[in-house]
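Please read the structure below before turning to the comments.
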Amino acid sequence: MALFLVQKPLGFLFERTAMLKNTKKSYGWIAIALHWSIALIIIGMLAFGFYMSSLNPFDPGVFELFQLHKSIGFTLLALVLVRLVNRFCMTTPRLPESMRPIERALAHLGHLGLYGLMLLMPITGWMMVSASPFNIPTIWFGLFEVPHLPVPAVLGDKEAASELMKTFHALGAFAFIAVILGHVLAALKHHLINKDGVLLRMLRPQQ
């Protein structure tokens, strides 16, 4: 009886711990939490960025909005790096056997595009403020200053480099929207047409 009382909570704890990690069939809670946290931040940041682009940067109060945008951007970059480590260090669930080769290629290309843009957007934003002639510091949520990146000489003077990064940042936002829409449509196709459980395994770990 005493052994049973010990084995039951230990078994429950082991089962819940195991669900933190990915398997060949499903994502674990760590990957799921990172996926949805990053997704919500990206969507919010895209909307936030488009809103800020309509404002006069010299208006009172706009400075604080830019600082907030940059702080969230650095948080996003950190989460993306954690997500990449998680992806490369843990098992990745297999794609359904029913997928055709062209669909598999498109899935891999879509994920590559997403990860590329998840890195490109915060890095171009970081480069943009680093190269800005205004030399405005970035204070992460008012706690500490984030150092500026060195500006490669090949990009020209600081003003030209800042404008180039600003262009890349803006174009990246539109590319991000297109890739996200493709990702969402693919997930809905898997769920509504293929009915292969691909979407469900990113909602909760599957036994």
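Ligands are numbered from 1 in the order shown, chains are lettered A, B, ... in the order of the structure tokens, and residues start at 1 in each chain.
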Those of stretch 19-182 of chain A in DSSP alpha helix (DSSP H), formatted as a VMD selection string: chain A and resid 29 to 53 62 to 89 101 to 131 158 to 182
Residues of stretch 104-185 of chain A within 12 Å of stretch 36-49 of chain A: nearest atom pair and distance (Å, one decimal) for each, counting only C-alpha atoms, sorted by chain and number, as a tab-separated table?
residue	atom	partner	partner_atom	distance
A:Leu114	CA	A:Ala39	CA	10.4
A:Tyr115	CA	A:Ile38	CA	11.0
A:Leu117	CA	A:Ile42	CA	10.3
A:Met118	CA	A:Ile42	CA	8.2
A:Leu119	CA	A:Ile42	CA	11.4
A:Met121	CA	A:Ile42	CA	9.7
A:Pro122	CA	A:Ile42	CA	10.4
A:Gly125	CA	A:Gly49	CA	10.8
A:Lys166	CA	A:Gly49	CA	11.7
A:His169	CA	A:Gly49	CA	9.9
A:Ala170	CA	A:Gly49	CA	8.9
A:Leu171	CA	A:Leu46	CA	11.7
A:Gly172	CA	A:Leu46	CA	10.1
A:Ala173	CA	A:Leu46	CA	6.6
A:Phe174	CA	A:Leu46	CA	9.0
A:Ala175	CA	A:Leu46	CA	11.1
A:Phe176	CA	A:Leu46	CA	8.6
A:Ile177	CA	A:Leu46	CA	8.3
A:Ile180	CA	A:Ile43	CA	9.2
A:Leu181	CA	A:Ile43	CA	11.2
A:His183	CA	A:Ala39	CA	11.2
A:Val184	CA	A:Ala39	CA	11.1
Create the file for the chosen residues now, containing C-alpha atoms and written as a compact mmCIF listing (two decimals), in the first residue's frame.
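Contents of selection-v5.txt, as written:
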# COMPACT_ATOMS: atom_id res chain seq x y z
CA LEU A 114 9.62 32.10 -40.47
CA TYR A 115 12.85 31.54 -38.54
CA LEU A 117 12.32 36.62 -40.46
CA MET A 118 12.16 36.07 -36.70
CA LEU A 119 15.89 36.79 -36.66
CA MET A 121 13.32 41.72 -37.91
CA PRO A 122 14.89 42.32 -34.48
CA GLY A 125 15.79 46.99 -35.95
CA LYS A 166 14.88 50.82 -41.98
CA HIS A 169 12.85 46.29 -41.51
CA ALA A 170 9.79 47.61 -43.34
CA LEU A 171 10.01 45.10 -46.19
CA GLY A 172 10.54 42.34 -43.64
CA ALA A 173 7.25 43.27 -41.97
CA PHE A 174 5.30 42.74 -45.22
CA ALA A 175 7.19 39.50 -45.91
CA PHE A 176 6.38 38.37 -42.38
CA ILE A 177 2.66 38.96 -42.91
CA ILE A 180 2.41 34.03 -41.43
CA LEU A 181 -0.72 33.91 -43.60
CA HIS A 183 1.58 29.24 -42.24
CA VAL A 184 -1.95 29.75 -40.89
Would you write out, as JSON lines, a table of all residues in stretch 108-201 of chain A that have an atom no more than 12 Å from an atom of stretch 56-64 of chain A, listing for each the closest atom pair and the distance in Å to one decimal, considering only C-alpha atoms and ordering rows by chain and rising residue number?
{"residue": "A:Phe134", "atom": "CA", "partner": "A:Phe58", "partner_atom": "CA", "distance": 11.9}
{"residue": "A:Ile136", "atom": "CA", "partner": "A:Phe63", "partner_atom": "CA", "distance": 9.8}
{"residue": "A:Pro137", "atom": "CA", "partner": "A:Phe63", "partner_atom": "CA", "distance": 11.1}
{"residue": "A:Thr138", "atom": "CA", "partner": "A:Glu64", "partner_atom": "CA", "distance": 10.5}
{"residue": "A:Ile139", "atom": "CA", "partner": "A:Glu64", "partner_atom": "CA", "distance": 10.2}
{"residue": "A:Trp140", "atom": "CA", "partner": "A:Glu64", "partner_atom": "CA", "distance": 11.4}
{"residue": "A:Phe141", "atom": "CA", "partner": "A:Glu64", "partner_atom": "CA", "distance": 9.9}
{"residue": "A:Gly142", "atom": "CA", "partner": "A:Glu64", "partner_atom": "CA", "distance": 10.1}
Only C-alpha atoms, please: the residues just picked out, written as an mmCIF file, in the first residue's frame.
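The file below, again_20.cif, is the result:
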data_model
loop_
_atom_site.group_PDB
_atom_site.id
_atom_site.type_symbol
_atom_site.label_atom_id
_atom_site.label_comp_id
_atom_site.auth_asym_id
_atom_site.auth_seq_id
_atom_site.Cartn_x
_atom_site.Cartn_y
_atom_site.Cartn_z
ATOM 1 C CA PHE A 134 20.628 60.535 -33.240
ATOM 2 C CA ILE A 136 19.550 57.304 -28.904
ATOM 3 C CA PRO A 137 20.236 54.586 -26.303
ATOM 4 C CA THR A 138 17.946 51.562 -25.926
ATOM 5 C CA ILE A 139 16.916 50.965 -22.318
ATOM 6 C CA TRP A 140 15.364 47.505 -21.953
ATOM 7 C CA PHE A 141 12.105 48.171 -20.103
ATOM 8 C CA GLY A 142 13.896 50.939 -18.215
#
Option closest in space to A:Val85, from A:Leu164, A:Ile193, A:Val154, A:Ala31 [counting only C-alpha atoms]: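 The closest residue to A:Val85 is A:Ala31.
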A:Arg204 environment, 12 Å, only C-alpha atoms, sequence neighbours closer than 4 positions dropped, as a PyMOL selection string: chain A and resi 19-22+25-33+35-36+197-200
Among listed residues A:Ala161, A:Leu155, A:Leu143, A:Leu77, nearest A:Ser130 (using only C-alpha atoms): A:Ala161
Separation of atom CA of A:Met165 from atom CA of A:Thr124 in Å: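 Taking atom CA of A:Thr124 as the start and atom CA of A:Met165 as the end point, the length is 5.4 Å.
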Which of A:Phe168, A:Thr91, A:Ile123, A:Leu109 sits closest to A:Leu149 [using only C-alpha atoms]: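 Once distances to A:Leu149 are computed over only C-alpha atoms, the minimum belongs to A:Ile123.
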Atom-to-atom span, atom CA of A:Asp157 and atom CA of A:Pro133, Å: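 The value is 9.2 Å.
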Coordinates-based distance that separates atom CA of A:His108 from atom CA of A:Phe74 (Å, one decimal):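 The value is 26.0 Å.
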Selected residue of minimal separation from A:Val82 among A:Gly110, A:Leu34, A:Tyr51, A:Asn135, counting only C-alpha atoms: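 Checking each candidate against A:Val82, we get A:Leu34 as the closest.
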Counting only C-alpha atoms, the option among A:Lys24, A:His69, A:His148, A:His111 closest to A:Arg94: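 Of A:Lys24, A:His69, A:His148, A:His111, the one nearest A:Arg94, counting only C-alpha atoms, is A:Lys24.
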Strand (DSSP E) per DSSP on the backbone: members of stretch 101-200 of chain A, as a count of residues only: 6
Given only C-alpha atoms as the counted atoms, nearest of A:Ala186, A:Pro205, A:His191, A:Ser71 to A:Leu106: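 Checking each of A:Ala186, A:Pro205, A:His191, A:Ser71 against A:Leu106, counting only C-alpha atoms, the winner is A:Ala186.
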